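Undergrad: Attaching a single structure in structure tokens format; questions to follow.
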Amino acid sequence: MSKKSHSRALTKRHKVAIAGVATLGAAALAFSAVPGNAETTTSEAASSAKVAYSSEQLKGLRSDVTEQLAGVSLQSQAAEAVAKKKAAAKAAAEAAAKKKAAAEAAAKKKAEQTRKAKEAASRSAKRAVVKAAAPKSYANNLDGWIKESLDIMKSKGIPGTYNGLYRNIIRESSGNPNAINNWDVNAVNGTPSIGLLQIIKPTFDAYHVSGTPFSQYDPVANIVASANYAADRYGSIDNVNSAY
């Protein structure tokens with residue numbers, strides 16, 4: 001290191017030391033200028049000033065906080081009331097919706113029951129009309145005449161079978177409803193035997209079955225009256241195997 005550099009370094013250190021000494025001296029002067037009772041006076045003044053300041057400020061602060069809390073409380077109560085009102089309105093709306101849905105469901109069920117009842121009544125009426133409009137029909141021949149006669153005999157309680165009727169009809173008239181016997185004793189007496197089962201007029205009149213034509217030449221009326229007579233005299237047309 002050169003002599004010049006060393007001189008500059010010492011000068012810098014000296015400046016720092018001098019600044020430190022000046023600072024310390026100013027502090028010492030300030031401390032020595034304060035009176036002996038300065039600590040007490042300053043503390044009391046500071047304490048008094050601090051109490052006065054704190055009381056006024058706290059009073060105002062409490063007032064502000066109270067007002068703010070009151071405002072917040074009112075806002076909270078108002079918000080809670082609005083929320084309760086909305087909840088009540090929602091519950092009422094839901095209850096009304098459920099009631100409406102239940103009423104609609106009940107009305108729909110009742111309408112469906114009414115519809116089914118009307119359909120059932122309509123079907124029943126149609127069946128009745130069909131039955132009334134379509135009575136049982138029979139062929140206009142010997143087979144049909146015997147079948148129709150058997151249905152009437154059954155309804156009147158007159159015994160007899162298809163075979164018993166057919167067998168006696170073929171023997172008596174060969175199945176001709178207009179057959180007439182003009183040569184036997186009945187014919188001589190003026191009451192010839194007529195029709196499928198060759199029945200005479202007095203016997204036909206006595207054993208005629210209501211609901212059939214009052215004519216010996218009508219095949220069904222002839223069969224039913226003859227079967228009625230045979231049932232009374234022989235127990236059944238099936239028991240007849242010859243002239244009767």
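Chain labels follow the order of the structure tokens: the first chain is A, the next B, and so on; residue numbering restarts at 1 in every chain, and ligands are counted from 1 in their shown order.
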Tell me, which residues of region 46-235 of chain A carry DSSP strand (DSSP E or B), written as a ChimeraX atom specification?
TA: /A:180-181,193-194,199
Undergrad: Store the residues picked out above, limited to N, CA and C atoms, as a tab-separated table (two decimals), in the first residue's frame.
TA:
chain	number	residue	atom	x	y	z
A	180	ILE	N	-152.05	-87.75	-46.59
A	180	ILE	CA	-153.38	-87.89	-46.00
A	180	ILE	C	-153.90	-89.31	-46.27
A	181	ASN	N	-154.49	-89.91	-45.29
A	181	ASN	CA	-155.03	-91.26	-45.41
A	181	ASN	C	-156.56	-91.15	-45.60
A	193	SER	N	-156.39	-89.28	-41.17
A	193	SER	CA	-155.08	-89.02	-40.59
A	193	SER	C	-154.29	-88.13	-41.56
A	194	ILE	N	-153.64	-87.08	-41.05
A	194	ILE	CA	-152.98	-86.07	-41.90
A	194	ILE	C	-151.57	-85.79	-41.37
A	199	ILE	N	-151.77	-87.74	-37.78
A	199	ILE	CA	-152.60	-87.50	-36.61
A	199	ILE	C	-153.98	-87.01	-37.06
Undergrad: Write out as an mmCIF file with all heavy atoms, in the first residue's frame each polymer residue whose atoms come within 10 Å of Asn239 (chain A), counting only C-alpha atoms; drop sequence neighbours fewer than 3 positions from it.
TA:
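Final output, result_12.cif:
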data_model
loop_
_atom_site.group_PDB
_atom_site.id
_atom_site.type_symbol
_atom_site.label_atom_id
_atom_site.label_comp_id
_atom_site.auth_asym_id
_atom_site.auth_seq_id
_atom_site.Cartn_x
_atom_site.Cartn_y
_atom_site.Cartn_z
ATOM 1 N N GLY A 160 -138.720 -87.414 -26.038
ATOM 2 C CA GLY A 160 -138.584 -87.885 -27.412
ATOM 3 C C GLY A 160 -137.184 -87.609 -27.932
ATOM 4 O O GLY A 160 -136.496 -86.684 -27.472
ATOM 5 N N GLY A 164 -136.378 -91.496 -32.535
ATOM 6 C CA GLY A 164 -137.769 -91.925 -32.342
ATOM 7 C C GLY A 164 -138.714 -91.187 -33.269
ATOM 8 O O GLY A 164 -139.636 -91.790 -33.861
ATOM 9 N N ASN A 168 -140.675 -93.032 -36.796
ATOM 10 C CA ASN A 168 -142.133 -93.049 -36.903
ATOM 11 C C ASN A 168 -142.632 -92.196 -38.071
ATOM 12 O O ASN A 168 -143.631 -92.547 -38.717
ATOM 13 C CB ASN A 168 -142.756 -92.563 -35.600
ATOM 14 C CG ASN A 168 -142.759 -93.642 -34.522
ATOM 15 O OD1 ASN A 168 -143.564 -94.576 -34.566
ATOM 16 N ND2 ASN A 168 -141.844 -93.521 -33.557
ATOM 17 N N ALA A 230 -148.266 -89.103 -27.898
ATOM 18 C CA ALA A 230 -147.559 -90.361 -27.651
ATOM 19 C C ALA A 230 -146.983 -90.404 -26.231
ATOM 20 O O ALA A 230 -146.990 -91.450 -25.576
ATOM 21 C CB ALA A 230 -146.442 -90.537 -28.681
ATOM 22 N N ALA A 231 -146.495 -89.250 -25.757
ATOM 23 C CA ALA A 231 -145.945 -89.196 -24.387
ATOM 24 C C ALA A 231 -147.039 -89.459 -23.365
ATOM 25 O O ALA A 231 -146.819 -90.145 -22.357
ATOM 26 C CB ALA A 231 -145.300 -87.830 -24.148
ATOM 27 N N ARG A 233 -149.832 -91.198 -23.863
ATOM 28 C CA ARG A 233 -150.388 -92.555 -23.964
ATOM 29 C C ARG A 233 -149.340 -93.661 -23.823
ATOM 30 O O ARG A 233 -149.619 -94.713 -23.221
ATOM 31 C CB ARG A 233 -151.085 -92.704 -25.299
ATOM 32 C CG ARG A 233 -151.812 -94.027 -25.431
ATOM 33 C CD ARG A 233 -152.724 -94.041 -26.615
ATOM 34 N NE ARG A 233 -153.452 -95.317 -26.693
ATOM 35 C CZ ARG A 233 -154.348 -95.604 -27.636
ATOM 36 N NH1 ARG A 233 -154.660 -94.709 -28.580
ATOM 37 N NH2 ARG A 233 -154.975 -96.788 -27.633
ATOM 38 N N TYR A 234 -148.106 -93.418 -24.347
ATOM 39 C CA TYR A 234 -147.087 -94.472 -24.367
ATOM 40 C C TYR A 234 -145.818 -94.115 -23.569
ATOM 41 O O TYR A 234 -144.887 -94.927 -23.490
ATOM 42 C CB TYR A 234 -146.687 -94.792 -25.816
ATOM 43 C CG TYR A 234 -147.845 -95.198 -26.685
ATOM 44 C CD1 TYR A 234 -148.411 -94.296 -27.583
ATOM 45 C CD2 TYR A 234 -148.387 -96.485 -26.611
ATOM 46 C CE1 TYR A 234 -149.477 -94.660 -28.378
ATOM 47 C CE2 TYR A 234 -149.464 -96.858 -27.417
ATOM 48 C CZ TYR A 234 -150.003 -95.941 -28.293
ATOM 49 O OH TYR A 234 -151.079 -96.306 -29.085
ATOM 50 N N GLY A 235 -145.772 -92.943 -23.040
ATOM 51 C CA GLY A 235 -144.573 -92.515 -22.284
ATOM 52 C C GLY A 235 -143.594 -91.710 -23.098
ATOM 53 O O GLY A 235 -142.897 -90.851 -22.577
ATOM 54 N N SER A 236 -143.535 -92.018 -24.434
ATOM 55 C CA SER A 236 -142.630 -91.286 -25.330
ATOM 56 C C SER A 236 -142.866 -91.755 -26.750
ATOM 57 O O SER A 236 -143.276 -92.907 -26.979
ATOM 58 C CB SER A 236 -141.160 -91.525 -24.940
ATOM 59 O OG SER A 236 -140.292 -90.985 -25.935
ATOM 60 N N SER A 242 -145.463 -98.810 -34.165
ATOM 61 C CA SER A 242 -146.509 -99.175 -35.146
ATOM 62 C C SER A 242 -147.583 -98.112 -35.092
ATOM 63 O O SER A 242 -147.403 -97.078 -34.426
ATOM 64 C CB SER A 242 -147.081 -100.555 -34.830
ATOM 65 O OG SER A 242 -147.701 -100.542 -33.556
#
Undergrad: In Å to one decimal, how far is CA of Ile237 (chain A) from CA of Tyr138 (chain A)?
TA: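 Straight-line distance from CA of Tyr138 (chain A) to CA of Ile237 (chain A) works out to 21.5 Å.
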Undergrad: Can you work out which one of A:Leu165, A:Asn189, A:Ile200, A:Lys85 has the shortest atom-to-atom distance to Val220 (chain A), counting only C-alpha atoms?
TA: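 Among A:Leu165, A:Asn189, A:Ile200, A:Lys85, it is A:Leu165 that comes nearest to Val220 (chain A).
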Undergrad: Could you please determine the separation between CA of Asn176 (chain A) and CA of Ile146 (chain A) in Å, to one decimal place?
TA: 12.8 Å
